[in-house]
Amino acid sequence: MSNLYIDNEHLKFHLEHPMMEKIVRLKEDNFSEKDKYDYAPIDFEDTMDHYDKVLEIVGEISGDIIAANAEEVDHQGPSVVDHQVVYADGTKRNIEAIVQSKLFGMSLPRKYGGLNFPIVPYVMAAELVSRADAGFANIWGLQDCAETIHEFGSEEIKEKYLHRFNDGATAAMDLTEPDAGSDLQAVMLKAHYDDDKKTWFLNGVKRFITNGDADISLVLARTEEGSTDARGLSLFVYDRVDKAMKVRRIENKLGIKGSPTCELVFKDAPAELIGDRKFGLIKYVMSLMNMARLGVGAQSVGIAEAAYHEGLKYAKEREQFGKAIIKFPAIFEMLSNMRAKTDAIRTLLYETSRFIDIYKIYGSISQNRKLTPAERKEFKYYQRAADIYTPLLKLFASEYCNQIASDSLQIHGGTGYMKDFPIERIFRDARITNIYEGTSQLQVVAAIRGVGNKGYYNMMREYEKIEVKPELEYLKNILVKLTSHYTKAVKKVTSENDNEYLDFHARRLVEIAGNIITGYLLLLDANRKIDYKKSADIFIRKARAEITHNISYINNFSLRDISDFKM
Amino acid sequence: MSFRIIVLAKQVPDTRNVGKDAMKSDGTVNRAALPAIFNPEDLNALEFALRVKDSRDDAEVIILTMGPPRAAEIIRESLYRGADKGYLITDRKFAGSDTLATSYAISLAVKKLAPFNLIISGRQAIDGDTAQVGPQAAEKIGIPQITYAEEFLGFNGDKIKVKRRLERGVELVESACPVLLTVHSSAADCRVRNAKRMMKYKHAKTDIELQELSEDYMELLETRPYLKINQWSVDDLGADVSFLGLSGSPTKVKKIESVVFTQKESKSLSDSDRDINGLMKTLINSHVLG
């Protein structure tokens with residue numbers, strides 16, 4: 001097998017983004033831990049070398065172990081024995097390797113046994129694991145829960161739980177219930193405080209819980225009796241060693257079969273409150289969900305890369321009419337579009353990751369000292385940028401990864417429909433990405449805010465200000481023109497002052513914005529490394545056609561036309 | 001006193017991915033064209049050693065390698081995976097050593113590391129495939145040997161229990177320590193690199209490597225003494241040079257042939273039972289199978 005990091009130069013390109021110097025400087029706080037921890041970096045170059053070498057380890061494990069086990073895990077899947085989840089054998093081997101390599105808890109500070117990695121290299125690791133096996137990527141990615149405990153838990157809870165991640169503890173976030181899916185305000189699982197025992201206890205049912213039988217679970221529960229909305233919900237941490245939660249069943253799914261999706265029954269399960277009561281959904285879960293959406297972005301890029309590779313390999317090997325099928329325009333066009341789309345969602349993924357990195361680091365600095373006015377301004381700026389980029393990323397990455405997986409299967413022809421090649425698994429795995437952690441439709445609901453408050457527009461203008469090489473000017477000119485089309489379309493839709501009308505066209509507006517922003521990001525990538533010119537060119541060409549299509553639809557659609565669609 | 005395990009490892013050219021420039025016109029290996037890697041069975045040996053270490057709380061694993069200065073990479077790789085320290089035997093005077101001369105040098109180094117309890121090496125290296133160095137070293141050190149070791153089964157008092165992988169089955173054996181083991185490729189794969197150990201030890205250097213680095217490095221090494229990789233020359237080992245290098249190596253390469261399989265050696269068979277039976281018999285008789 002191969003090392004999935006070394007064979008993919010795109011990751012290194014994004015790792016070496018100029019903004020990393022700022023991120024490293026902030027994250028490592030002038031390398032103050034170098035004398036305290038023998039694995040702490042000594043300077044900027046050393047830190048970057050740490051990231052590079054750790055990603056090389058992740059790439060090796062992903063290629064040699066996780067990818068090699070993927071097919072077997074897909075067939076065997078997990079099972080439930082005595083109300084507990086038993087992972088597939090390959091999943092166990094994957095976890096063993098991750099534990100040995102000390103990679104769990106990557107983003108935690110060193111004082112809790114973590115590697116103190118910023119979001120950018122942490123997300124790169126998630127992308128690598130996802131390319132190897134998207135199902136296992138969930139078990140890997142749920143270490144995000146450590147981040148939530150770290151951000152909002154008391155010092156006592158942090159001490160108790162965080163060290164366990166690096167030693168291999170798995171995690172789950174228990175949010176969904178039978179009647180609370182997209183609408184989490186309807187969560188019913190009950191938490192009550194026992195005054196004698198001075199402990200919270202959980203009772204109720206959770207459903208569709210990824211990796212539900214994990215060592216450490218974050219559980220959303222109703223603490224305020226009689227309440228019916230988000231303000232009655234709080235977040236808890238439940239420790240598996242208490243054995244007060246049973247797995248009733250696991251779902252039989254279309255894809256990501258290695259990742260157990262559980263129905264859980266909590267019966268007088270002791271749990272500890274995270275942060276403050278009533279902030280469970282409105283603050284902590286929102287933050288957790290944002291990280292999970294970034295995680296699905298990484299998962300989607302990993303799946304897209306895997307699907308592209310499978311398609312490319314097959315198209316080179318398969319001969320019809322006396323030549324390899326890659327020589328036919330219908331096939332090479334598909335492959336080039338797949339490549340451009342993969343590059344597009346990857347550049348959006350790492351731009352979003354950098355924004356999240358900077359605001360999160362400022363957030364943690366502000367716990368120790370007051371931020372300077374300039375820092376505070378930056379903190380706000382990047383937080384707002386991350387807020388509007390995260391749903392855009394989740395939307396684009398998950399939709400594209402489905403398209404790319406579908407195209408790759410198409411290139412395989414009838415063979416792709418059989419179980420003989422990895423593409424059928426990748427195709428099935430891709431399908432969940434635009435559903436969970438908020439469907440694409442819900443991402444549009446979140447992203448439309450960035451249309452309304454000019455957030456996306458301001459970012460387009462900022463990218464426009466960056467000078468590009470003369471040979472790339474023509475691409476920038478297209479994007480500038482598209483930006484003016486975008487503002488006109490936004491004006492037309494919003495000037496009706498009708499929410500339903502806005503909702504109806506929301507996806508079109510968000511897609512136009514996303515196409516322009518991603519086009520700019522690819523243009524800037526090409527400006528930094530000319531190899532990306534091809535993808536930038538192909539993508540912007542495609543973006544222009546799609547935007548024209550969407551704008552024509554909007555321009556020929558009046559308020560009363562909605563009634564034709566109503567069911 | 002600690003239970004000392006010495007792992008013998010070698011850096012080899014990656015002969016598994018041979019390109020067209022793998023051999024020079026004079027028939028010797030073109031090392032420059034092949035990436036240098038950790039000999040695969042030595043990684044099995046390292047895992048074997050680490051499993052023995054995991055089974056007790058008094059063990060240390062020392063990695064010993066002989067080769068050019070760049071072989072220090074083998075020691076760093078071992079530190080990342082769990083070895084405690086490493087020694088590099090390097091000296092121009094070793095150049096051209098065959099298995100006899102190599103095992104002589106290694107036996108001296110091992111004796112210098114006495115007292116030791118286990119010596120573990122891979123069965124053979126993929127560049128020469130001789131499988132001689134381990135057994136010869138055991139003879140020179142004067143300890144028993146268990147070849148083709150596949151699994152560590154624990155200790156019976158002071159004796160180590162080992163499963164051997166043989167051609168037609170397995171053998172369970174016990175031996176008093178110290179003993180030398182050579183580990184077969186069917187043994188467990190080596191564990192992955194530990195990210196924290198990698199970050200800790202990636203700056204580990206030999207004296208030769210240090211000469212090419214900046215002053216900052218010296219400072220770093222002063223505060224972190226574990227970053228120094230020990231390095232031994234012929235003099236350090238007190239070796240007799242006549243037993244080393246070309247003069248100490250009775251093996252002489254007479255001729256190297258590049259064998260190209262041609263079409264005439266192929267044979268067409270039908271899918272009839274008769275033809276398949278015949279093929280199976282041929283393969284079994286020629287020991288390709290079974």
# chains A, B, ... in the order shown; residues from 1 in each chain; ligands from 1
>>> residues_around(residues="Phe38 in chain B", least_positions_apart="4", cutoff="9 Å", atoms="only C-alpha atoms", output="PDB file with N, CA and C atoms, in the first residue's frame")
ATOM      1  N   ALA B   9      19.822  -4.497  13.692  1.00  0.00           N
ATOM      2  CA  ALA B   9      19.022  -4.068  12.541  1.00  0.00           C
ATOM      3  C   ALA B   9      19.926  -3.528  11.456  1.00  0.00           C
ATOM      4  N   LYS B  10      19.440  -3.555  10.236  1.00  0.00           N
ATOM      5  CA  LYS B  10      20.264  -3.125   9.116  1.00  0.00           C
ATOM      6  C   LYS B  10      19.464  -2.223   8.187  1.00  0.00           C
ATOM      7  N   GLN B  11      20.149  -1.208   7.693  1.00  0.00           N
ATOM      8  CA  GLN B  11      19.541  -0.383   6.649  1.00  0.00           C
ATOM      9  C   GLN B  11      19.887  -1.019   5.314  1.00  0.00           C
ATOM     10  N   VAL B  12      18.882  -1.229   4.486  1.00  0.00           N
ATOM     11  CA  VAL B  12      19.103  -1.933   3.217  1.00  0.00           C
ATOM     12  C   VAL B  12      18.515  -1.139   2.057  1.00  0.00           C
ATOM     13  N   PRO B  13      19.042  -1.367   0.856  1.00  0.00           N
ATOM     14  CA  PRO B  13      18.372  -0.776  -0.303  1.00  0.00           C
ATOM     15  C   PRO B  13      17.039  -1.478  -0.509  1.00  0.00           C
ATOM     16  N   ASP B  14      16.030  -0.723  -0.909  1.00  0.00           N
ATOM     17  CA  ASP B  14      14.694  -1.299  -1.052  1.00  0.00           C
ATOM     18  C   ASP B  14      14.611  -2.142  -2.311  1.00  0.00           C
ATOM     19  N   ASP B  42      13.919  -7.059  10.225  1.00  0.00           N
ATOM     20  CA  ASP B  42      14.462  -6.435  11.440  1.00  0.00           C
ATOM     21  C   ASP B  42      13.374  -5.648  12.156  1.00  0.00           C
ATOM     22  N   LEU B  43      12.382  -5.170  11.379  1.00  0.00           N
ATOM     23  CA  LEU B  43      11.230  -4.521  12.010  1.00  0.00           C
ATOM     24  C   LEU B  43      10.413  -5.554  12.782  1.00  0.00           C
ATOM     25  N   GLU B  73      19.523   6.709  10.650  1.00  0.00           N
ATOM     26  CA  GLU B  73      18.074   6.812  10.454  1.00  0.00           C
ATOM     27  C   GLU B  73      17.338   5.590  11.040  1.00  0.00           C
ATOM     28  N   ILE B  74      17.985   4.428  10.954  1.00  0.00           N
ATOM     29  CA  ILE B  74      17.408   3.197  11.504  1.00  0.00           C
ATOM     30  C   ILE B  74      17.207   3.331  13.008  1.00  0.00           C
ATOM     31  N   GLU B  77      14.310   5.710  13.694  1.00  0.00           N
ATOM     32  CA  GLU B  77      13.046   4.990  13.441  1.00  0.00           C
ATOM     33  C   GLU B  77      12.707   4.070  14.618  1.00  0.00           C
TER      34      GLU B  77
END
>>> residues_around(residues="range 527-542 of chain A", least_positions_apart="3", cutoff="8 Å", atoms="only C-alpha atoms", output="PyMOL selection string")
chain A and resi 336-337+339-341+343-344+468-469+472+475+478-479+515-516+519+522-524+545-546
>>> select_by_dssp(residues="range 209-373 of chain A", states="helix (DSSP H, G or I)", output="ChimeraX atom specification")
/A:230-232,240-242,280-317,325-327,329-365,373
>>> closest_atom_pairs(of="chain A", to="chain B", cutoff="6 Å", atoms="only C-alpha atoms", output="tab-separated table")
residue	atom	partner	partner_atom	distance
A:Asp38	CA	B:Lys200	CA	5.4
A:Tyr39	CA	B:Lys200	CA	4.3
A:Val54	CA	B:Ala195	CA	5.9
A:Ser101	CA	B:Asn194	CA	3.9
A:Lys102	CA	B:Asn194	CA	5.7
>>> write_last_selection(atoms="C-alpha atoms", output="compact mmCIF listing (two decimals), in the first residue's frame")
# COMPACT_ATOMS: atom_id res chain seq x y z
CA ASP A 38 10.22 16.87 25.50
CA TYR A 39 7.96 16.66 22.45
CA VAL A 54 3.00 13.44 12.19
CA SER A 101 0.72 6.13 17.56
CA LYS A 102 -0.64 8.45 20.29
>>> residues_around(residues="Met20 in chain A", least_positions_apart="6", cutoff="9 Å", atoms="only C-alpha atoms", output="VMD selection string")
chain A and resid 48 120 354
>>> write_last_selection(atoms="C-alpha atoms", output="CSV table (one decimal), in the first residue's frame")
chain,number,residue,atom,x,y,z
A,48,MET,CA,6.0,22.8,10.8
A,120,VAL,CA,-5.4,22.8,10.1
A,354,ARG,CA,-7.5,28.6,9.2
>>> residues_around(residues="His163 in chain A", least_positions_apart="2", cutoff="6 Å", atoms="only C-alpha atoms", output="list in words")
Tyr112, Gly113, Tyr161 and Phe165 of chain A
>>> closest_residue(among="B:Tyr87, B:Tyr217, B:Phe243, B:Tyr148", to="Ala45 in chain B", atoms="only C-alpha atoms")
B:Tyr148
>>> residues_around(residues="range 364-367 of chain A", least_positions_apart="6", cutoff="10 Å", atoms="only C-alpha atoms", output="PyMOL selection string")
chain A and resi 26-27+29+150-151+375-376+379
>>> closest_residue(among="B:Gly238, B:Gly67, B:Pro135, B:Gly19", to="Ile119 in chain B", atoms="only C-alpha atoms")
B:Pro135
>>> decode(residues="range 268-315 of chain A", atoms="N, CA and C atoms", output="PDB file, in the first residue's frame")
ATOM      1  N   ASP A 268     -31.058   5.755  34.816  1.00  0.00           N
ATOM      2  CA  ASP A 268     -30.386   6.289  35.999  1.00  0.00           C
ATOM      3  C   ASP A 268     -28.871   6.349  35.795  1.00  0.00           C
ATOM      4  N   ALA A 269     -28.496   6.896  34.658  1.00  0.00           N
ATOM      5  CA  ALA A 269     -27.072   6.961  34.334  1.00  0.00           C
ATOM      6  C   ALA A 269     -26.452   8.223  34.942  1.00  0.00           C
ATOM      7  N   PRO A 270     -25.477   8.048  35.824  1.00  0.00           N
ATOM      8  CA  PRO A 270     -24.854   9.233  36.418  1.00  0.00           C
ATOM      9  C   PRO A 270     -24.087  10.014  35.353  1.00  0.00           C
ATOM     10  N   ALA A 271     -24.122  11.338  35.460  1.00  0.00           N
ATOM     11  CA  ALA A 271     -23.451  12.156  34.450  1.00  0.00           C
ATOM     12  C   ALA A 271     -23.030  13.474  35.067  1.00  0.00           C
ATOM     13  N   GLU A 272     -22.053  14.099  34.425  1.00  0.00           N
ATOM     14  CA  GLU A 272     -21.570  15.380  34.948  1.00  0.00           C
ATOM     15  C   GLU A 272     -21.936  16.507  33.993  1.00  0.00           C
ATOM     16  N   LEU A 273     -22.366  17.601  34.569  1.00  0.00           N
ATOM     17  CA  LEU A 273     -22.803  18.751  33.780  1.00  0.00           C
ATOM     18  C   LEU A 273     -21.602  19.458  33.158  1.00  0.00           C
ATOM     19  N   ILE A 274     -21.714  19.754  31.877  1.00  0.00           N
ATOM     20  CA  ILE A 274     -20.666  20.548  31.210  1.00  0.00           C
ATOM     21  C   ILE A 274     -21.107  22.007  31.238  1.00  0.00           C
ATOM     22  N   GLY A 275     -20.245  22.851  31.735  1.00  0.00           N
ATOM     23  CA  GLY A 275     -20.543  24.288  31.739  1.00  0.00           C
ATOM     24  C   GLY A 275     -21.781  24.611  32.556  1.00  0.00           C
ATOM     25  N   ASP A 276     -22.610  25.513  32.027  1.00  0.00           N
ATOM     26  CA  ASP A 276     -23.790  25.967  32.758  1.00  0.00           C
ATOM     27  C   ASP A 276     -25.051  25.283  32.260  1.00  0.00           C
ATOM     28  N   ARG A 277     -26.006  25.166  33.176  1.00  0.00           N
ATOM     29  CA  ARG A 277     -27.334  24.663  32.802  1.00  0.00           C
ATOM     30  C   ARG A 277     -27.950  25.554  31.751  1.00  0.00           C
ATOM     31  N   LYS A 278     -28.782  24.983  30.934  1.00  0.00           N
ATOM     32  CA  LYS A 278     -29.593  25.684  29.920  1.00  0.00           C
ATOM     33  C   LYS A 278     -28.788  26.157  28.707  1.00  0.00           C
ATOM     34  N   PHE A 279     -27.477  26.011  28.756  1.00  0.00           N
ATOM     35  CA  PHE A 279     -26.680  26.432  27.599  1.00  0.00           C
ATOM     36  C   PHE A 279     -26.309  25.249  26.694  1.00  0.00           C
ATOM     37  N   GLY A 280     -26.854  24.075  27.044  1.00  0.00           N
ATOM     38  CA  GLY A 280     -26.494  22.848  26.334  1.00  0.00           C
ATOM     39  C   GLY A 280     -26.580  22.965  24.832  1.00  0.00           C
ATOM     40  N   LEU A 281     -27.784  23.298  24.356  1.00  0.00           N
ATOM     41  CA  LEU A 281     -27.966  23.361  22.902  1.00  0.00           C
ATOM     42  C   LEU A 281     -27.503  24.700  22.346  1.00  0.00           C
ATOM     43  N   ILE A 282     -27.898  25.768  23.027  1.00  0.00           N
ATOM     44  CA  ILE A 282     -27.684  27.068  22.385  1.00  0.00           C
ATOM     45  C   ILE A 282     -26.211  27.462  22.324  1.00  0.00           C
ATOM     46  N   LYS A 283     -25.381  26.926  23.198  1.00  0.00           N
ATOM     47  CA  LYS A 283     -23.978  27.297  23.128  1.00  0.00           C
ATOM     48  C   LYS A 283     -23.067  26.102  22.818  1.00  0.00           C
ATOM     49  N   TYR A 284     -23.097  25.089  23.688  1.00  0.00           N
ATOM     50  CA  TYR A 284     -22.088  24.030  23.571  1.00  0.00           C
ATOM     51  C   TYR A 284     -22.309  23.137  22.345  1.00  0.00           C
ATOM     52  N   VAL A 285     -23.587  22.756  22.137  1.00  0.00           N
ATOM     53  CA  VAL A 285     -23.841  21.872  21.000  1.00  0.00           C
ATOM     54  C   VAL A 285     -23.640  22.622  19.689  1.00  0.00           C
ATOM     55  N   MET A 286     -23.948  23.905  19.684  1.00  0.00           N
ATOM     56  CA  MET A 286     -23.718  24.696  18.473  1.00  0.00           C
ATOM     57  C   MET A 286     -22.230  24.684  18.113  1.00  0.00           C
ATOM     58  N   SER A 287     -21.400  24.820  19.148  1.00  0.00           N
ATOM     59  CA  SER A 287     -19.955  24.813  18.913  1.00  0.00           C
ATOM     60  C   SER A 287     -19.498  23.424  18.462  1.00  0.00           C
ATOM     61  N   LEU A 288     -20.026  22.401  19.125  1.00  0.00           N
ATOM     62  CA  LEU A 288     -19.684  21.024  18.775  1.00  0.00           C
ATOM     63  C   LEU A 288     -20.123  20.717  17.338  1.00  0.00           C
ATOM     64  N   MET A 289     -21.328  21.200  16.992  1.00  0.00           N
ATOM     65  CA  MET A 289     -21.854  20.953  15.649  1.00  0.00           C
ATOM     66  C   MET A 289     -20.998  21.644  14.591  1.00  0.00           C
ATOM     67  N   ASN A 290     -20.514  22.830  14.909  1.00  0.00           N
ATOM     68  CA  ASN A 290     -19.663  23.525  13.943  1.00  0.00           C
ATOM     69  C   ASN A 290     -18.396  22.735  13.671  1.00  0.00           C
ATOM     70  N   MET A 291     -17.830  22.165  14.738  1.00  0.00           N
ATOM     71  CA  MET A 291     -16.641  21.327  14.555  1.00  0.00           C
ATOM     72  C   MET A 291     -17.012  20.068  13.775  1.00  0.00           C
ATOM     73  N   ALA A 292     -18.187  19.500  14.096  1.00  0.00           N
ATOM     74  CA  ALA A 292     -18.603  18.273  13.403  1.00  0.00           C
ATOM     75  C   ALA A 292     -18.834  18.558  11.919  1.00  0.00           C
ATOM     76  N   ARG A 293     -19.337  19.762  11.614  1.00  0.00           N
ATOM     77  CA  ARG A 293     -19.562  20.112  10.208  1.00  0.00           C
ATOM     78  C   ARG A 293     -18.234  20.278   9.477  1.00  0.00           C
ATOM     79  N   LEU A 294     -17.282  20.862  10.174  1.00  0.00           N
ATOM     80  CA  LEU A 294     -15.942  20.938   9.589  1.00  0.00           C
ATOM     81  C   LEU A 294     -15.419  19.515   9.356  1.00  0.00           C
ATOM     82  N   GLY A 295     -15.687  18.645  10.335  1.00  0.00           N
ATOM     83  CA  GLY A 295     -15.269  17.239  10.220  1.00  0.00           C
ATOM     84  C   GLY A 295     -15.890  16.561   9.007  1.00  0.00           C
ATOM     85  N   VAL A 296     -17.173  16.821   8.754  1.00  0.00           N
ATOM     86  CA  VAL A 296     -17.812  16.226   7.577  1.00  0.00           C
ATOM     87  C   VAL A 296     -17.204  16.831   6.306  1.00  0.00           C
ATOM     88  N   GLY A 297     -16.808  18.088   6.382  1.00  0.00           N
ATOM     89  CA  GLY A 297     -16.111  18.701   5.248  1.00  0.00           C
ATOM     90  C   GLY A 297     -14.838  17.918   4.942  1.00  0.00           C
ATOM     91  N   ALA A 298     -14.066  17.615   5.990  1.00  0.00           N
ATOM     92  CA  ALA A 298     -12.818  16.860   5.813  1.00  0.00           C
ATOM     93  C   ALA A 298     -13.115  15.462   5.296  1.00  0.00           C
ATOM     94  N   GLN A 299     -14.166  14.852   5.853  1.00  0.00           N
ATOM     95  CA  GLN A 299     -14.555  13.507   5.427  1.00  0.00           C
ATOM     96  C   GLN A 299     -14.937  13.515   3.943  1.00  0.00           C
ATOM     97  N   SER A 300     -15.666  14.543   3.539  1.00  0.00           N
ATOM     98  CA  SER A 300     -16.104  14.637   2.142  1.00  0.00           C
ATOM     99  C   SER A 300     -14.908  14.802   1.203  1.00  0.00           C
ATOM    100  N   VAL A 301     -13.944  15.623   1.607  1.00  0.00           N
ATOM    101  CA  VAL A 301     -12.765  15.809   0.759  1.00  0.00           C
ATOM    102  C   VAL A 301     -11.993  14.490   0.661  1.00  0.00           C
ATOM    103  N   GLY A 302     -11.882  13.782   1.777  1.00  0.00           N
ATOM    104  CA  GLY A 302     -11.195  12.483   1.762  1.00  0.00           C
ATOM    105  C   GLY A 302     -11.886  11.496   0.831  1.00  0.00           C
ATOM    106  N   ILE A 303     -13.214  11.449   0.915  1.00  0.00           N
ATOM    107  CA  ILE A 303     -13.979  10.537   0.050  1.00  0.00           C
ATOM    108  C   ILE A 303     -13.807  10.952  -1.415  1.00  0.00           C
ATOM    109  N   ALA A 304     -13.865  12.265  -1.670  1.00  0.00           N
ATOM    110  CA  ALA A 304     -13.713  12.768  -3.040  1.00  0.00           C
ATOM    111  C   ALA A 304     -12.356  12.364  -3.614  1.00  0.00           C
ATOM    112  N   GLU A 305     -11.316  12.514  -2.787  1.00  0.00           N
ATOM    113  CA  GLU A 305      -9.964  12.167  -3.249  1.00  0.00           C
ATOM    114  C   GLU A 305      -9.891  10.669  -3.560  1.00  0.00           C
ATOM    115  N   ALA A 306     -10.472   9.864  -2.684  1.00  0.00           N
ATOM    116  CA  ALA A 306     -10.469   8.411  -2.900  1.00  0.00           C
ATOM    117  C   ALA A 306     -11.211   8.070  -4.197  1.00  0.00           C
ATOM    118  N   ALA A 307     -12.380   8.686  -4.392  1.00  0.00           N
ATOM    119  CA  ALA A 307     -13.198   8.394  -5.572  1.00  0.00           C
ATOM    120  C   ALA A 307     -12.468   8.824  -6.847  1.00  0.00           C
ATOM    121  N   TYR A 308     -11.824   9.984  -6.778  1.00  0.00           N
ATOM    122  CA  TYR A 308     -11.077  10.463  -7.942  1.00  0.00           C
ATOM    123  C   TYR A 308      -9.967   9.471  -8.306  1.00  0.00           C
ATOM    124  N   HIS A 309      -9.214   9.035  -7.291  1.00  0.00           N
ATOM    125  CA  HIS A 309      -8.116   8.097  -7.550  1.00  0.00           C
ATOM    126  C   HIS A 309      -8.608   6.796  -8.174  1.00  0.00           C
ATOM    127  N   GLU A 310      -9.725   6.286  -7.650  1.00  0.00           N
ATOM    128  CA  GLU A 310     -10.263   5.039  -8.191  1.00  0.00           C
ATOM    129  C   GLU A 310     -10.688   5.232  -9.653  1.00  0.00           C
ATOM    130  N   GLY A 311     -11.331   6.360  -9.918  1.00  0.00           N
ATOM    131  CA  GLY A 311     -11.792   6.632 -11.281  1.00  0.00           C
ATOM    132  C   GLY A 311     -10.631   6.787 -12.251  1.00  0.00           C
ATOM    133  N   LEU A 312      -9.608   7.534 -11.802  1.00  0.00           N
ATOM    134  CA  LEU A 312      -8.440   7.778 -12.646  1.00  0.00           C
ATOM    135  C   LEU A 312      -7.719   6.465 -12.970  1.00  0.00           C
ATOM    136  N   LYS A 313      -7.550   5.655 -11.940  1.00  0.00           N
ATOM    137  CA  LYS A 313      -6.841   4.383 -12.111  1.00  0.00           C
ATOM    138  C   LYS A 313      -7.591   3.490 -13.108  1.00  0.00           C
ATOM    139  N   TYR A 314      -8.899   3.413 -12.916  1.00  0.00           N
ATOM    140  CA  TYR A 314      -9.690   2.542 -13.783  1.00  0.00           C
ATOM    141  C   TYR A 314      -9.676   3.052 -15.225  1.00  0.00           C
ATOM    142  N   ALA A 315      -9.801   4.360 -15.386  1.00  0.00           N
ATOM    143  CA  ALA A 315      -9.856   4.939 -16.733  1.00  0.00           C
ATOM    144  C   ALA A 315      -8.551   4.734 -17.490  1.00  0.00           C
TER     145      ALA A 315
END
